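Chemist: target.csv is reproduced below (CSV, C-alpha atoms).
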```csv
chain,number,residue,atom,x,y,z
A,242,MET,CA,-33.4,-49.9,-43.9
A,243,SER,CA,-30.2,-48.6,-42.3
A,244,ALA,CA,-29.5,-45.0,-41.7
A,245,ILE,CA,-26.2,-43.9,-43.1
A,246,SER,CA,-25.2,-40.4,-41.9
A,247,ASN,CA,-22.4,-39.9,-44.4
A,248,PRO,CA,-23.7,-39.4,-47.9
A,249,ALA,CA,-20.3,-40.3,-49.4
A,250,LEU,CA,-20.8,-43.8,-48.2
A,251,ILE,CA,-24.1,-44.3,-50.0
A,252,PRO,CA,-23.6,-46.4,-53.1
A,253,PRO,CA,-25.0,-45.0,-56.3
A,254,GLY,CA,-28.6,-46.0,-56.6
A,255,GLY,CA,-29.2,-46.3,-52.8
A,256,VAL,CA,-28.7,-48.8,-50.1
A,257,GLY,CA,-29.5,-52.4,-51.3
A,258,SER,CA,-32.3,-51.2,-53.7
A,259,ALA,CA,-33.2,-48.6,-56.2
A,260,SER,CA,-35.0,-46.5,-53.6
A,261,ALA,CA,-33.8,-43.1,-52.5
A,262,PRO,CA,-31.1,-42.8,-49.9
A,263,ALA,CA,-32.0,-42.4,-46.3
A,264,PRO,CA,-32.1,-38.8,-45.0
A,265,VAL,CA,-29.0,-37.6,-43.4
A,266,ARG,CA,-29.2,-36.1,-39.9
A,267,PRO,CA,-26.7,-33.4,-39.0
A,268,ALA,CA,-24.6,-34.0,-35.9
A,269,ALA,CA,-25.2,-31.8,-32.8
A,270,PRO,CA,-22.7,-29.0,-32.5
A,271,ALA,CA,-19.8,-29.6,-30.1
A,272,PRO,CA,-19.8,-27.3,-27.1
A,273,GLN,CA,-17.2,-24.5,-27.3
A,274,ARG,CA,-14.5,-24.7,-24.6
A,275,GLY,CA,-11.7,-22.5,-23.3
A,276,ARG,CA,-12.9,-19.3,-24.9
A,277,GLY,CA,-15.2,-18.0,-22.1
A,278,ARG,CA,-17.4,-16.3,-24.6
A,279,GLY,CA,-20.6,-16.2,-22.5
A,280,PRO,CA,-21.6,-15.7,-19.0
A,281,ALA,CA,-21.4,-19.4,-18.4
A,282,ASP,CA,-19.2,-22.2,-19.8
A,283,ALA,CA,-20.4,-25.7,-20.8
A,284,SER,CA,-20.7,-26.7,-17.1
A,285,GLY,CA,-23.1,-24.0,-16.4
A,286,GLY,CA,-20.8,-22.0,-14.1
A,287,PRO,CA,-19.4,-18.5,-14.6
A,288,SER,CA,-16.7,-17.9,-17.2
A,289,PHE,CA,-13.1,-17.5,-16.3
A,290,GLN,CA,-13.3,-13.8,-17.4
A,291,ASP,CA,-16.2,-13.1,-15.0
A,292,VAL,CA,-14.4,-14.9,-12.1
A,293,LEU,CA,-11.2,-12.9,-12.8
A,294,LYS,CA,-13.1,-9.6,-13.0
A,295,ASP,CA,-14.9,-10.3,-9.7
A,296,ALA,CA,-11.6,-11.4,-7.9
A,297,THR,CA,-9.8,-8.3,-9.1
A,298,ALA,CA,-12.5,-6.0,-8.0
A,299,THR,CA,-12.7,-7.6,-4.6
A,300,LYS,CA,-8.9,-7.5,-4.2
A,301,ASP,CA,-8.8,-3.8,-5.3
A,302,ALA,CA,-11.5,-2.8,-2.9
A,303,ALA,CA,-9.8,-4.7,0.0
A,304,ALA,CA,-6.5,-3.0,-0.8
A,305,VAL,CA,-8.1,0.5,-0.8
A,306,LYS,CA,-9.9,-0.3,2.5
A,307,ASP,CA,-6.6,-1.5,4.1
A,308,ALA,CA,-4.6,1.5,2.9
A,309,THR,CA,-7.3,3.9,4.2
A,310,ALA,CA,-7.4,2.2,7.6
A,311,ALA,CA,-3.6,2.2,7.9
A,312,LYS,CA,-3.4,5.9,7.0
A,313,ASN,CA,-6.1,6.8,9.5
A,314,ALA,CA,-4.5,4.7,12.2
A,315,ALA,CA,-1.1,6.3,11.5
A,316,GLY,CA,-2.5,9.7,11.6
A,317,THR,CA,-4.4,9.3,14.8
A,318,SER,CA,-1.7,7.4,16.6
A,319,ALA,CA,1.0,9.9,15.5
A,320,ALA,CA,-1.0,12.8,16.7
A,321,ALA,CA,-2.1,11.2,20.0
A,322,ALA,CA,1.2,9.6,21.1
A,323,PRO,CA,3.3,11.8,23.4
A,324,LEU,CA,6.9,12.6,22.5
A,325,GLN,CA,9.6,10.6,24.3
A,326,PHE,CA,13.2,11.8,25.0
A,327,SER,CA,16.1,9.5,24.8
A,328,ARG,CA,18.6,9.5,27.7
A,329,HIS,CA,21.1,11.2,25.4
A,330,ALA,CA,18.6,13.9,24.4
A,331,LEU,CA,17.7,14.6,28.1
A,332,GLU,CA,21.4,15.0,28.9
A,333,ARG,CA,21.9,17.5,26.0
A,334,VAL,CA,18.8,19.5,27.1
A,335,GLN,CA,20.1,19.7,30.7
A,336,ARG,CA,23.7,20.4,29.8
A,337,ARG,CA,22.9,23.0,27.1
A,338,GLY,CA,20.1,24.7,29.1
A,339,ILE,CA,17.5,24.2,26.4
A,340,ASP,CA,14.0,25.5,27.3
A,341,LEU,CA,11.3,22.8,27.2
A,342,SER,CA,8.3,25.0,28.0
A,343,PRO,CA,4.8,23.7,27.2
A,344,SER,CA,4.6,25.9,24.1
A,345,THR,CA,8.0,24.6,22.8
A,346,LEU,CA,6.9,21.0,23.4
A,347,GLY,CA,3.6,21.6,21.7
A,348,ARG,CA,5.3,23.1,18.6
A,349,LEU,CA,7.8,20.2,18.6
A,350,GLN,CA,5.0,17.7,18.8
A,351,GLU,CA,3.1,19.5,16.0
A,352,GLY,CA,6.3,19.4,13.8
A,353,VAL,CA,6.7,15.7,14.4
A,354,GLY,CA,3.1,15.1,13.5
A,355,ARG,CA,3.6,17.0,10.2
A,356,ALA,CA,6.7,15.0,9.4
A,357,ALA,CA,4.8,11.7,10.1
A,358,GLY,CA,2.0,12.9,7.8
A,359,LYS,CA,4.6,13.2,5.0
A,360,GLY,CA,6.1,9.8,5.7
A,361,ALA,CA,9.3,11.0,7.2
A,362,ARG,CA,11.4,8.5,9.3
A,363,ASP,CA,14.1,10.7,10.9
A,364,SER,CA,13.7,14.4,10.9
A,365,VAL,CA,15.2,17.6,12.2
A,366,VAL,CA,12.5,19.8,13.8
A,367,LEU,CA,13.6,23.4,14.3
A,368,VAL,CA,11.8,25.3,17.1
A,369,ASP,CA,13.0,28.8,18.0
A,370,GLY,CA,16.6,28.2,17.0
A,371,THR,CA,16.8,24.8,18.7
A,372,ALA,CA,17.2,21.7,16.5
A,373,PHE,CA,15.6,18.5,17.7
A,374,VAL,CA,16.6,15.3,15.8
A,375,VAL,CA,13.6,13.0,16.1
A,376,ALA,CA,12.9,9.3,15.1
A,377,VAL,CA,9.4,10.0,13.8
A,378,ASN,CA,8.1,6.4,13.7
A,379,ASN,CA,8.5,5.9,17.5
A,380,ARG,CA,8.2,9.7,18.3
A,381,THR,CA,11.5,9.8,20.2
A,382,VAL,CA,13.7,12.8,20.4
A,383,ILE,CA,17.3,11.6,19.8
A,384,THR,CA,19.2,14.8,20.5
A,385,ALA,CA,18.8,18.5,20.8
A,386,VAL,CA,21.2,21.2,19.7
A,387,ALA,CA,20.8,24.9,20.7
A,388,SER,CA,21.6,27.6,18.2
A,389,GLU,CA,24.9,28.5,19.9
A,390,HIS,CA,26.1,24.9,19.4
A,391,MET,CA,25.0,24.5,15.8
A,392,LYS,CA,28.2,26.1,14.3
A,393,ASP,CA,30.1,23.3,12.5
A,394,HIS,CA,27.4,20.8,13.4
A,395,VAL,CA,26.3,18.3,10.7
A,396,PHE,CA,23.0,16.4,10.9
A,397,THR,CA,23.3,13.0,9.4
A,398,ASN,CA,20.9,10.1,8.7
A,399,ILE,CA,17.8,12.4,8.4
A,400,ASP,CA,15.3,12.5,5.6
A,401,SER,CA,13.4,15.7,6.4
A,402,ALA,CA,13.5,19.0,8.1
A,403,VAL,CA,10.5,20.8,9.7
A,404,ILE,CA,10.3,24.4,10.9
A,405,ALA,CA,7.8,24.5,13.7
```
How does the structure come out when it is put into structure tokens?
Modeler:
Amino acid sequence: MSAISNPALIPPGGVGSASAPAPVRPAAPAPQRGRGRGPADASGGPSFQDVLKDATATKDAAAVKDATAAKNAAGTSAAAAPLQFSRHALERVQRRGIDLSPSTLGRLQEGVGRAAGKGARDSVVLVDGTAFVVAVNNRTVITAVASEHMKDHVFTNIDSAVIA
């Protein structure tokens, strides 16, 4: 007796005799692919959705860690690095008789640190009527202008001002 799995192919009255047709066995269900519906696909590994979720979480955690480390490094290096004066700034300080006492330098350094904390690049820091133009990223004083020389003076290419 032959087993025919499609009942439509069984002739009326059975196969070769008047006996009942052979039982039909249902086919095994085909594995679902490409939908990622469970924790594992047909191969037994994690689904695409799970892999994507893990990769995104890992990437986000690394980005937060990198941003925090960069912020902490910028904050500590900006506060710890001493100020430098360009040759031009030193000439202006000497020619204009600008006082660079330890308290003035301390307030200038504090002002530059505050500007760096806000993300400034080039700033005017005002200390007791003296304006210092500072490149914040490398902590270099570019020029200094005393109050008596500020009339008709225009500061260009700055993105912030700090009163220290």
Chemist: Report, in Å to a single decimal, how far apart CA of Val403 (chain A) and CA of Gln325 (chain A) are.
Modeler: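 One can read the CA of Gln325 (chain A) to CA of Val403 (chain A) distance as 17.8 Å.
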Chemist: Between A:Ala402, A:Val366, A:Leu331, A:Ala298, which residue has the minimum interatomic distance to Arg348 (chain A), considering only C-alpha atoms?
Modeler: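 So, comparing all the options, the nearest one is A:Val366.
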Chemist: Go ahead and compute the interatomic distance for CA of Leu367 (chain A) and CA of Gln350 (chain A), in Å to one decimal.
Modeler: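 Computed distance, CA of Leu367 (chain A) to CA of Gln350 (chain A), equals 11.3 Å.
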Chemist: Of the candidates A:Asn247, A:Thr345, A:Ser364, A:Thr297, which shows the shortest atom-to-atom distance to Ser401 (chain A), using all atoms listed in the file?
Modeler: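 Result for the nearest residue to Ser401 (chain A): A:Ser364.
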Chemist: Calculate how many Å separate CA of Ile399 (chain A) from CA of Gly352 (chain A), rounding to one decimal.
Modeler: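 Going from CA of Ile399 (chain A) over to CA of Gly352 (chain A), I get 14.5 Å.
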Chemist: Would you mind telling me which residue in A:Ala361, A:Ala249, A:Ala405, A:Val292 lies nearest to Ser344 (chain A) when using all atoms listed in the file?
Modeler: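 For Ser344 (chain A), the nearest of the candidates is A:Ala405.
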Chemist: I'd like to know which of A:Ala385, A:Lys359, A:Val353, A:His329 is closest to Leu341 (chain A), using all atoms listed in the file.
Modeler: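 Among the listed residues, the smallest separation from Leu341 (chain A) belongs to A:Ala385.
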Chemist: Leaving out region 372-382 of chain A and any residue of its chain fewer than 5 positions from it, which residues lie within 8 Å of it when counting all atoms listed in the file, given as a list of chain:residue names?
Modeler: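 The neighbour list is A:Ala319, A:Ala322, A:Pro323, A:Leu324, A:Gln325, A:Phe326, A:Ser327, A:Ala330, A:Val353, A:Ala356, A:Ala357, A:Ala361, A:Arg362, A:Asp363, A:Ser364, A:Val365, A:Val366, A:Leu367, A:Ala387, A:Ser388.
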Chemist: Since we have the selection now, will you write its residues out, keeping C-alpha atoms, as a PDB file, keeping the file's coordinate frame?
Modeler:
```pdb
ATOM      1  CA  ALA A 319       1.000   9.900  15.500  1.00  0.00           C
ATOM      2  CA  ALA A 322       1.200   9.600  21.100  1.00  0.00           C
ATOM      3  CA  PRO A 323       3.300  11.800  23.400  1.00  0.00           C
ATOM      4  CA  LEU A 324       6.900  12.600  22.500  1.00  0.00           C
ATOM      5  CA  GLN A 325       9.600  10.600  24.300  1.00  0.00           C
ATOM      6  CA  PHE A 326      13.200  11.800  25.000  1.00  0.00           C
ATOM      7  CA  SER A 327      16.100   9.500  24.800  1.00  0.00           C
ATOM      8  CA  ALA A 330      18.600  13.900  24.400  1.00  0.00           C
ATOM      9  CA  VAL A 353       6.700  15.700  14.400  1.00  0.00           C
ATOM     10  CA  ALA A 356       6.700  15.000   9.400  1.00  0.00           C
ATOM     11  CA  ALA A 357       4.800  11.700  10.100  1.00  0.00           C
ATOM     12  CA  ALA A 361       9.300  11.000   7.200  1.00  0.00           C
ATOM     13  CA  ARG A 362      11.400   8.500   9.300  1.00  0.00           C
ATOM     14  CA  ASP A 363      14.100  10.700  10.900  1.00  0.00           C
ATOM     15  CA  SER A 364      13.700  14.400  10.900  1.00  0.00           C
ATOM     16  CA  VAL A 365      15.200  17.600  12.200  1.00  0.00           C
ATOM     17  CA  VAL A 366      12.500  19.800  13.800  1.00  0.00           C
ATOM     18  CA  LEU A 367      13.600  23.400  14.300  1.00  0.00           C
ATOM     19  CA  ALA A 387      20.800  24.900  20.700  1.00  0.00           C
ATOM     20  CA  SER A 388      21.600  27.600  18.200  1.00  0.00           C
TER      21      SER A 388
END
```
